[in-house]
Amino acid sequence: MSRLFDTLALYGISAVLAVAFYYQLVLGELPCPLCALQRVGFLVAGVGLMLNLRTGTSAANYGLVLLTAVAAGSASLRQIALHVVPGTGSYGSALFGMHFYTWAFVAYGALIVYVGVMLFAVTAGRSVHAARLNGFQVGAFGVFVALAAANVIAFLLECGLGPCPDDPIGYLLLPGAP
Amino acid sequence: MVMVLPFIMALVAAALAWMGRPKAALLLGVATVAVQVGWLVYHATDTLKISL
């Protein structure tokens, strides 16, 4: 059962990354540096889940998810704090009434709770060993790795080989692109 | 420091995980988190010019 949950969580992470790309590529909303750190968190969390599915569930893999969730959740909290004072504006569009950095904070909180529950299940003796990947899991891997590669390309084009601008208005390596 | 670096590291870690190399993937994953935290400290202490 934990393999199903990890697969669904991996699809969920890919869905988050895909929505971020939709807003970046279709609506032209470029990610800021703190947004980038939040995306990195989803990528590393996905790696932990992939390891669970590919080589067997372990506390170390969930530990990796936990570490990056705390780091990326802190980045989202920093961004929330920047805009929490009335009159300080916001960054990007809102989705269902909340901005993406707020959604990211919620997502990382949910991820931490998920890891806690799964660790409880693992230490209770219901751990799962490595097994052959089924089509559903290979699909999750493929979608996630494709999105990870797309993120590398997108941030390389936006920031080049240096830090991202605080308030990005275009792609550094694609002058003239929206 | 290069902002795209943690993305490259995460992509390679994902590839290693898919290839069934847990130790290398975990090590690279933890290193990615270290870079992520480094960038977070930088961006949590500088003055951001974002819509303020």
# chains A, B, ... in the order shown; residues from 1 in each chain; ligands from 1
>>> interface_residues(of="chain A", to="chain B", cutoff="7 Å", atoms="only C-alpha atoms", output="PDB file with all heavy atoms, in the first residue's frame")
ATOM      1  N   LEU A  37      13.787  27.969  -5.230  1.00  0.00           N
ATOM      2  CA  LEU A  37      14.138  27.100  -4.101  1.00  0.00           C
ATOM      3  C   LEU A  37      12.968  26.198  -3.715  1.00  0.00           C
ATOM      4  O   LEU A  37      13.160  25.060  -3.290  1.00  0.00           O
ATOM      5  CB  LEU A  37      14.565  27.946  -2.900  1.00  0.00           C
ATOM      6  CG  LEU A  37      15.870  28.719  -3.080  1.00  0.00           C
ATOM      7  CD1 LEU A  37      16.151  29.600  -1.876  1.00  0.00           C
ATOM      8  CD2 LEU A  37      17.019  27.747  -3.302  1.00  0.00           C
ATOM      9  N   VAL A  40      12.965  23.392  -6.235  1.00  0.00           N
ATOM     10  CA  VAL A  40      14.022  22.420  -5.917  1.00  0.00           C
ATOM     11  C   VAL A  40      13.519  21.445  -4.848  1.00  0.00           C
ATOM     12  O   VAL A  40      13.770  20.238  -4.920  1.00  0.00           O
ATOM     13  CB  VAL A  40      15.303  23.141  -5.433  1.00  0.00           C
ATOM     14  CG1 VAL A  40      16.299  22.151  -4.855  1.00  0.00           C
ATOM     15  CG2 VAL A  40      15.942  23.909  -6.571  1.00  0.00           C
ATOM     16  N   LEU A  43      11.499  18.776  -6.333  1.00  0.00           N
ATOM     17  CA  LEU A  43      12.331  17.834  -7.097  1.00  0.00           C
ATOM     18  C   LEU A  43      13.042  16.853  -6.175  1.00  0.00           C
ATOM     19  O   LEU A  43      13.045  15.640  -6.424  1.00  0.00           O
ATOM     20  CB  LEU A  43      13.344  18.601  -7.952  1.00  0.00           C
ATOM     21  CG  LEU A  43      12.762  19.429  -9.108  1.00  0.00           C
ATOM     22  CD1 LEU A  43      13.853  20.247  -9.777  1.00  0.00           C
ATOM     23  CD2 LEU A  43      12.091  18.511 -10.122  1.00  0.00           C
ATOM     24  N   VAL A  44      13.647  17.359  -5.100  1.00  0.00           N
ATOM     25  CA  VAL A  44      14.369  16.469  -4.182  1.00  0.00           C
ATOM     26  C   VAL A  44      13.385  15.528  -3.469  1.00  0.00           C
ATOM     27  O   VAL A  44      13.692  14.343  -3.269  1.00  0.00           O
ATOM     28  CB  VAL A  44      15.199  17.283  -3.172  1.00  0.00           C
ATOM     29  CG1 VAL A  44      15.889  16.360  -2.170  1.00  0.00           C
ATOM     30  CG2 VAL A  44      16.250  18.120  -3.894  1.00  0.00           C
ATOM     31  N   VAL A  47      12.763  12.722  -5.675  1.00  0.00           N
ATOM     32  CA  VAL A  47      13.876  11.760  -5.691  1.00  0.00           C
ATOM     33  C   VAL A  47      13.726  10.764  -4.535  1.00  0.00           C
ATOM     34  O   VAL A  47      13.906   9.551  -4.713  1.00  0.00           O
ATOM     35  CB  VAL A  47      15.235  12.495  -5.606  1.00  0.00           C
ATOM     36  CG1 VAL A  47      16.373  11.506  -5.370  1.00  0.00           C
ATOM     37  CG2 VAL A  47      15.484  13.285  -6.881  1.00  0.00           C
ATOM     38  N   MET A  50      11.050   8.350  -5.449  1.00  0.00           N
ATOM     39  CA  MET A  50      11.531   7.435  -6.491  1.00  0.00           C
ATOM     40  C   MET A  50      12.403   6.335  -5.884  1.00  0.00           C
ATOM     41  O   MET A  50      12.302   5.162  -6.262  1.00  0.00           O
ATOM     42  CB  MET A  50      12.350   8.207  -7.539  1.00  0.00           C
ATOM     43  CG  MET A  50      11.523   9.026  -8.515  1.00  0.00           C
ATOM     44  SD  MET A  50      12.578   9.924  -9.678  1.00  0.00           S
ATOM     45  CE  MET A  50      13.105   8.605 -10.767  1.00  0.00           C
ATOM     46  N   LEU A  51      13.265   6.726  -4.944  1.00  0.00           N
ATOM     47  CA  LEU A  51      14.133   5.737  -4.294  1.00  0.00           C
ATOM     48  C   LEU A  51      13.304   4.691  -3.552  1.00  0.00           C
ATOM     49  O   LEU A  51      13.617   3.498  -3.579  1.00  0.00           O
ATOM     50  CB  LEU A  51      15.093   6.443  -3.339  1.00  0.00           C
ATOM     51  CG  LEU A  51      16.320   7.085  -3.983  1.00  0.00           C
ATOM     52  CD1 LEU A  51      17.063   7.954  -2.974  1.00  0.00           C
ATOM     53  CD2 LEU A  51      17.255   6.012  -4.530  1.00  0.00           C
ATOM     54  N   ARG A  54      11.916   2.417  -6.254  1.00  0.00           N
ATOM     55  CA  ARG A  54      12.888   1.681  -7.075  1.00  0.00           C
ATOM     56  C   ARG A  54      13.720   0.707  -6.261  1.00  0.00           C
ATOM     57  O   ARG A  54      14.001  -0.407  -6.717  1.00  0.00           O
ATOM     58  CB  ARG A  54      13.797   2.698  -7.794  1.00  0.00           C
ATOM     59  CG  ARG A  54      14.848   2.107  -8.708  1.00  0.00           C
ATOM     60  CD  ARG A  54      14.230   1.436  -9.907  1.00  0.00           C
ATOM     61  NE  ARG A  54      15.254   0.952 -10.806  1.00  0.00           N
ATOM     62  CZ  ARG A  54      15.908  -0.206 -10.650  1.00  0.00           C
ATOM     63  NH1 ARG A  54      15.619  -0.979  -9.615  1.00  0.00           N
ATOM     64  NH2 ARG A  54      16.817  -0.589 -11.531  1.00  0.00           N
ATOM     65  N   THR A  55      14.151   1.147  -5.064  1.00  0.00           N
ATOM     66  CA  THR A  55      15.094   0.313  -4.299  1.00  0.00           C
ATOM     67  C   THR A  55      14.549  -0.119  -2.945  1.00  0.00           C
ATOM     68  O   THR A  55      15.273  -0.715  -2.159  1.00  0.00           O
ATOM     69  CB  THR A  55      16.432   1.063  -4.087  1.00  0.00           C
ATOM     70  OG1 THR A  55      16.179   2.241  -3.318  1.00  0.00           O
ATOM     71  CG2 THR A  55      17.046   1.456  -5.412  1.00  0.00           C
ATOM     72  N   LEU A  64      15.271  12.205   3.501  1.00  0.00           N
ATOM     73  CA  LEU A  64      15.619  13.161   2.448  1.00  0.00           C
ATOM     74  C   LEU A  64      14.416  14.044   2.107  1.00  0.00           C
ATOM     75  O   LEU A  64      14.538  15.263   1.973  1.00  0.00           O
ATOM     76  CB  LEU A  64      16.098  12.412   1.192  1.00  0.00           C
ATOM     77  CG  LEU A  64      16.472  13.273  -0.008  1.00  0.00           C
ATOM     78  CD1 LEU A  64      17.668  14.164   0.312  1.00  0.00           C
ATOM     79  CD2 LEU A  64      16.775  12.399  -1.224  1.00  0.00           C
ATOM     80  N   THR A  68      14.346  18.263   2.756  1.00  0.00           N
ATOM     81  CA  THR A  68      14.080  19.253   1.704  1.00  0.00           C
ATOM     82  C   THR A  68      12.744  19.937   1.925  1.00  0.00           C
ATOM     83  O   THR A  68      12.582  21.107   1.570  1.00  0.00           O
ATOM     84  CB  THR A  68      14.161  18.594   0.309  1.00  0.00           C
ATOM     85  OG1 THR A  68      14.331  19.621  -0.670  1.00  0.00           O
ATOM     86  CG2 THR A  68      12.940  17.777  -0.020  1.00  0.00           C
ATOM     87  N   ALA A  71      13.484  22.716   4.336  1.00  0.00           N
ATOM     88  CA  ALA A  71      14.237  23.796   3.684  1.00  0.00           C
ATOM     89  C   ALA A  71      13.331  24.589   2.736  1.00  0.00           C
ATOM     90  O   ALA A  71      13.306  25.825   2.768  1.00  0.00           O
ATOM     91  CB  ALA A  71      15.430  23.211   2.932  1.00  0.00           C
ATOM     92  N   ALA A  75      11.680  28.465   2.739  1.00  0.00           N
ATOM     93  CA  ALA A  75      11.738  29.443   1.637  1.00  0.00           C
ATOM     94  C   ALA A  75      10.354  30.023   1.366  1.00  0.00           C
ATOM     95  O   ALA A  75      10.204  31.231   1.146  1.00  0.00           O
ATOM     96  CB  ALA A  75      12.299  28.786   0.382  1.00  0.00           C
ATOM     97  N   ARG A  78       9.471  32.388   4.145  1.00  0.00           N
ATOM     98  CA  ARG A  78      10.188  33.656   3.958  1.00  0.00           C
ATOM     99  C   ARG A  78       9.437  34.545   2.954  1.00  0.00           C
ATOM    100  O   ARG A  78       9.273  35.743   3.154  1.00  0.00           O
ATOM    101  CB  ARG A  78      11.605  33.365   3.460  1.00  0.00           C
ATOM    102  CG  ARG A  78      12.291  34.473   2.688  1.00  0.00           C
ATOM    103  CD  ARG A  78      12.750  35.600   3.567  1.00  0.00           C
ATOM    104  NE  ARG A  78      13.625  36.533   2.840  1.00  0.00           N
ATOM    105  CZ  ARG A  78      13.917  37.746   3.250  1.00  0.00           C
ATOM    106  NH1 ARG A  78      13.414  38.196   4.376  1.00  0.00           N
ATOM    107  NH2 ARG A  78      14.707  38.530   2.560  1.00  0.00           N
ATOM    108  N   THR A  88       2.320  45.650   0.892  1.00  0.00           N
ATOM    109  CA  THR A  88       3.614  45.221   0.356  1.00  0.00           C
ATOM    110  C   THR A  88       3.446  44.408  -0.925  1.00  0.00           C
ATOM    111  O   THR A  88       4.428  43.864  -1.431  1.00  0.00           O
ATOM    112  CB  THR A  88       4.383  44.379   1.393  1.00  0.00           C
ATOM    113  OG1 THR A  88       3.532  43.320   1.847  1.00  0.00           O
ATOM    114  CG2 THR A  88       4.812  45.229   2.569  1.00  0.00           C
ATOM    115  N   GLY A  89       2.243  44.328  -1.430  1.00  0.00           N
ATOM    116  CA  GLY A  89       2.032  43.643  -2.702  1.00  0.00           C
ATOM    117  C   GLY A  89       2.183  42.138  -2.593  1.00  0.00           C
ATOM    118  O   GLY A  89       2.165  41.560  -1.506  1.00  0.00           O
ATOM    119  N   SER A  90       2.322  41.503  -3.751  1.00  0.00           N
ATOM    120  CA  SER A  90       2.453  40.045  -3.780  1.00  0.00           C
ATOM    121  C   SER A  90       3.297  39.691  -5.001  1.00  0.00           C
ATOM    122  O   SER A  90       3.670  40.566  -5.779  1.00  0.00           O
ATOM    123  CB  SER A  90       1.084  39.368  -3.861  1.00  0.00           C
ATOM    124  OG  SER A  90       0.401  39.823  -5.020  1.00  0.00           O
ATOM    125  N   TYR A  91       3.577  38.409  -5.165  1.00  0.00           N
ATOM    126  CA  TYR A  91       4.347  37.990  -6.335  1.00  0.00           C
ATOM    127  C   TYR A  91       3.560  36.928  -7.086  1.00  0.00           C
ATOM    128  O   TYR A  91       3.224  35.891  -6.532  1.00  0.00           O
ATOM    129  CB  TYR A  91       5.723  37.435  -5.933  1.00  0.00           C
ATOM    130  CG  TYR A  91       6.634  37.238  -7.122  1.00  0.00           C
ATOM    131  CD1 TYR A  91       7.415  38.271  -7.590  1.00  0.00           C
ATOM    132  CD2 TYR A  91       6.661  36.022  -7.807  1.00  0.00           C
ATOM    133  CE1 TYR A  91       8.230  38.118  -8.695  1.00  0.00           C
ATOM    134  CE2 TYR A  91       7.472  35.855  -8.912  1.00  0.00           C
ATOM    135  CZ  TYR A  91       8.251  36.900  -9.355  1.00  0.00           C
ATOM    136  OH  TYR A  91       9.043  36.748 -10.458  1.00  0.00           O
ATOM    137  N   VAL A 145      10.868  12.877 -14.131  1.00  0.00           N
ATOM    138  CA  VAL A 145      12.209  13.150 -14.664  1.00  0.00           C
ATOM    139  C   VAL A 145      12.127  14.147 -15.825  1.00  0.00           C
ATOM    140  O   VAL A 145      12.990  15.027 -15.964  1.00  0.00           O
ATOM    141  CB  VAL A 145      12.901  11.841 -15.093  1.00  0.00           C
ATOM    142  CG1 VAL A 145      14.187  12.126 -15.865  1.00  0.00           C
ATOM    143  CG2 VAL A 145      13.227  10.993 -13.868  1.00  0.00           C
ATOM    144  N   ALA A 148      11.805  17.446 -14.256  1.00  0.00           N
ATOM    145  CA  ALA A 148      13.086  17.851 -13.655  1.00  0.00           C
ATOM    146  C   ALA A 148      14.025  18.380 -14.737  1.00  0.00           C
ATOM    147  O   ALA A 148      14.687  19.415 -14.553  1.00  0.00           O
ATOM    148  CB  ALA A 148      13.715  16.669 -12.920  1.00  0.00           C
ATOM    149  N   ALA A 149      14.077  17.699 -15.875  1.00  0.00           N
ATOM    150  CA  ALA A 149      14.931  18.151 -16.982  1.00  0.00           C
ATOM    151  C   ALA A 149      14.433  19.484 -17.525  1.00  0.00           C
ATOM    152  O   ALA A 149      15.240  20.381 -17.841  1.00  0.00           O
ATOM    153  CB  ALA A 149      14.944  17.096 -18.085  1.00  0.00           C
ATOM    154  N   ASN A 151      12.939  21.773 -15.863  1.00  0.00           N
ATOM    155  CA  ASN A 151      13.307  22.809 -14.895  1.00  0.00           C
ATOM    156  C   ASN A 151      14.756  23.244 -15.079  1.00  0.00           C
ATOM    157  O   ASN A 151      15.070  24.434 -14.965  1.00  0.00           O
ATOM    158  CB  ASN A 151      13.093  22.302 -13.466  1.00  0.00           C
ATOM    159  CG  ASN A 151      11.721  22.666 -12.941  1.00  0.00           C
ATOM    160  OD1 ASN A 151      11.466  23.829 -12.612  1.00  0.00           O
ATOM    161  ND2 ASN A 151      10.836  21.699 -12.878  1.00  0.00           N
ATOM    162  N   VAL A 152      15.638  22.280 -15.344  1.00  0.00           N
ATOM    163  CA  VAL A 152      17.044  22.619 -15.589  1.00  0.00           C
ATOM    164  C   VAL A 152      17.137  23.575 -16.771  1.00  0.00           C
ATOM    165  O   VAL A 152      17.805  24.613 -16.706  1.00  0.00           O
ATOM    166  CB  VAL A 152      17.871  21.345 -15.856  1.00  0.00           C
ATOM    167  CG1 VAL A 152      19.265  21.719 -16.352  1.00  0.00           C
ATOM    168  CG2 VAL A 152      17.983  20.499 -14.590  1.00  0.00           C
ATOM    169  N   PHE A 155      15.493  27.135 -15.971  1.00  0.00           N
ATOM    170  CA  PHE A 155      16.268  28.022 -15.095  1.00  0.00           C
ATOM    171  C   PHE A 155      17.612  28.394 -15.714  1.00  0.00           C
ATOM    172  O   PHE A 155      18.151  29.453 -15.416  1.00  0.00           O
ATOM    173  CB  PHE A 155      16.437  27.397 -13.712  1.00  0.00           C
ATOM    174  CG  PHE A 155      15.233  27.640 -12.843  1.00  0.00           C
ATOM    175  CD1 PHE A 155      14.217  26.712 -12.782  1.00  0.00           C
ATOM    176  CD2 PHE A 155      15.094  28.824 -12.143  1.00  0.00           C
ATOM    177  CE1 PHE A 155      13.084  26.942 -12.017  1.00  0.00           C
ATOM    178  CE2 PHE A 155      13.971  29.073 -11.373  1.00  0.00           C
ATOM    179  CZ  PHE A 155      12.959  28.124 -11.311  1.00  0.00           C
ATOM    180  N   LEU A 156      18.141  27.529 -16.570  1.00  0.00           N
ATOM    181  CA  LEU A 156      19.362  27.888 -17.288  1.00  0.00           C
ATOM    182  C   LEU A 156      19.069  29.051 -18.231  1.00  0.00           C
ATOM    183  O   LEU A 156      19.840  30.013 -18.323  1.00  0.00           O
ATOM    184  CB  LEU A 156      19.883  26.679 -18.072  1.00  0.00           C
ATOM    185  CG  LEU A 156      21.225  26.853 -18.763  1.00  0.00           C
ATOM    186  CD1 LEU A 156      22.326  27.117 -17.733  1.00  0.00           C
ATOM    187  CD2 LEU A 156      21.577  25.627 -19.592  1.00  0.00           C
ATOM    188  N   LEU A 161      24.314  31.174 -15.933  1.00  0.00           N
ATOM    189  CA  LEU A 161      25.177  30.475 -14.966  1.00  0.00           C
ATOM    190  C   LEU A 161      25.503  31.373 -13.780  1.00  0.00           C
ATOM    191  O   LEU A 161      26.637  31.461 -13.325  1.00  0.00           O
ATOM    192  CB  LEU A 161      26.458  30.005 -15.656  1.00  0.00           C
ATOM    193  CG  LEU A 161      26.254  28.908 -16.706  1.00  0.00           C
ATOM    194  CD1 LEU A 161      27.563  28.571 -17.400  1.00  0.00           C
ATOM    195  CD2 LEU A 161      25.657  27.656 -16.077  1.00  0.00           C
ATOM    196  N   GLY A 162      24.479  32.054 -13.263  1.00  0.00           N
ATOM    197  CA  GLY A 162      24.664  32.916 -12.104  1.00  0.00           C
ATOM    198  C   GLY A 162      23.405  32.932 -11.275  1.00  0.00           C
ATOM    199  O   GLY A 162      22.498  32.117 -11.501  1.00  0.00           O
ATOM    200  N   PRO A 163      23.323  33.828 -10.307  1.00  0.00           N
ATOM    201  CA  PRO A 163      22.099  33.912  -9.499  1.00  0.00           C
ATOM    202  C   PRO A 163      20.943  34.477 -10.316  1.00  0.00           C
ATOM    203  O   PRO A 163      21.151  35.245 -11.259  1.00  0.00           O
ATOM    204  CB  PRO A 163      22.496  34.864  -8.363  1.00  0.00           C
ATOM    205  CG  PRO A 163      23.637  35.647  -8.897  1.00  0.00           C
ATOM    206  CD  PRO A 163      24.350  34.766  -9.871  1.00  0.00           C
ATOM    207  N   CYS A 164      19.711  34.069  -9.959  1.00  0.00           N
ATOM    208  CA  CYS A 164      18.543  34.607 -10.654  1.00  0.00           C
ATOM    209  C   CYS A 164      18.291  36.038 -10.172  1.00  0.00           C
ATOM    210  O   CYS A 164      18.530  36.348  -9.006  1.00  0.00           O
ATOM    211  CB  CYS A 164      17.302  33.762 -10.351  1.00  0.00           C
ATOM    212  SG  CYS A 164      17.376  32.108 -11.039  1.00  0.00           S
ATOM    213  N   ASP A 166      16.296  39.156  -8.653  1.00  0.00           N
ATOM    214  CA  ASP A 166      15.248  39.164  -7.629  1.00  0.00           C
ATOM    215  C   ASP A 166      13.859  39.347  -8.228  1.00  0.00           C
ATOM    216  O   ASP A 166      12.885  38.780  -7.742  1.00  0.00           O
ATOM    217  CB  ASP A 166      15.519  40.291  -6.618  1.00  0.00           C
ATOM    218  CG  ASP A 166      16.682  39.934  -5.702  1.00  0.00           C
ATOM    219  OD1 ASP A 166      17.026  38.737  -5.634  1.00  0.00           O
ATOM    220  OD2 ASP A 166      17.238  40.839  -5.070  1.00  0.00           O
ATOM    221  N   ASP A 167      13.772  40.170  -9.253  1.00  0.00           N
ATOM    222  CA  ASP A 167      12.472  40.443  -9.872  1.00  0.00           C
ATOM    223  C   ASP A 167      12.590  40.186 -11.373  1.00  0.00           C
ATOM    224  O   ASP A 167      12.728  41.121 -12.155  1.00  0.00           O
ATOM    225  CB  ASP A 167      12.060  41.896  -9.595  1.00  0.00           C
ATOM    226  CG  ASP A 167      10.598  42.121  -9.944  1.00  0.00           C
ATOM    227  OD1 ASP A 167       9.901  41.132 -10.268  1.00  0.00           O
ATOM    228  OD2 ASP A 167      10.164  43.275  -9.910  1.00  0.00           O
TER     229      ASP A 167
END
>>> select_by_dssp(residues="chain A", states="helix (DSSP H, G or I)", output="PyMOL selection string")
chain A and resi 2-26+33-55+59-83+100-126+135-159
>>> atom_distance(atom1="CA of Leu172 in chain A", atom2="CA of Ala154 in chain A")
10.5 Å
>>> residues_around(residues="Leu133 in chain A", least_positions_apart="2", cutoff="12 Å", atoms="only C-alpha atoms", output="JSON, numbers by chain")
{"A": [3, 4, 7, 50, 51, 52, 53, 54, 55, 56, 129, 130, 131, 135, 136, 137, 138, 139, 140, 141, 142], "B": [18, 19, 20]}
>>> atom_distance(atom1="CA of Tyr42 in chain B", atom2="CA of Ala104 in chain A")
19.6 Å
>>> residues_around(residues="range 16-23 of chain A", least_positions_apart="5", cutoff="9 Å", atoms="only C-alpha atoms", output="VMD selection string")
chain A and resid 11 28 to 31 39 42 to 43 92 to 93 100 104 144 147 to 148 150 to 151
>>> write_last_selection(atoms="C-alpha atoms", output="PDB file, in the first residue's frame")
ATOM      1  CA  TYR A  11       2.322  12.158  -9.466  1.00  0.00           C
ATOM      2  CA  GLY A  28       4.505  34.398 -18.670  1.00  0.00           C
ATOM      3  CA  GLU A  29       5.031  34.501 -14.890  1.00  0.00           C
ATOM      4  CA  LEU A  30       8.738  33.981 -14.307  1.00  0.00           C
ATOM      5  CA  PRO A  31       9.788  32.288 -11.065  1.00  0.00           C
ATOM      6  CA  ARG A  39      10.720  24.040  -6.898  1.00  0.00           C
ATOM      7  CA  PHE A  42       9.628  19.356  -4.892  1.00  0.00           C
ATOM      8  CA  LEU A  43      12.331  17.834  -7.097  1.00  0.00           C
ATOM      9  CA  GLY A  92       2.577  36.215  -9.164  1.00  0.00           C
ATOM     10  CA  SER A  93      -1.024  35.163  -9.544  1.00  0.00           C
ATOM     11  CA  PHE A 100       1.830  29.906  -5.013  1.00  0.00           C
ATOM     12  CA  ALA A 104       3.887  25.650  -1.423  1.00  0.00           C
ATOM     13  CA  PHE A 144       8.804  13.473 -12.971  1.00  0.00           C
ATOM     14  CA  LEU A 147       9.747  17.860 -15.508  1.00  0.00           C
ATOM     15  CA  ALA A 148      13.086  17.851 -13.655  1.00  0.00           C
ATOM     16  CA  ALA A 150      12.557  20.904 -18.114  1.00  0.00           C
ATOM     17  CA  ASN A 151      13.307  22.809 -14.895  1.00  0.00           C
TER      18      ASN A 151
END
>>> closest_residue(among="A:Ala9, A:Ala94, A:Leu49, A:Cys35", to="Asn61 in chain A", atoms="only C-alpha atoms")
A:Leu49
>>> atom_distance(atom1="CA of Tyr101 in chain A", atom2="CA of Gly73 in chain A")
9.0 Å
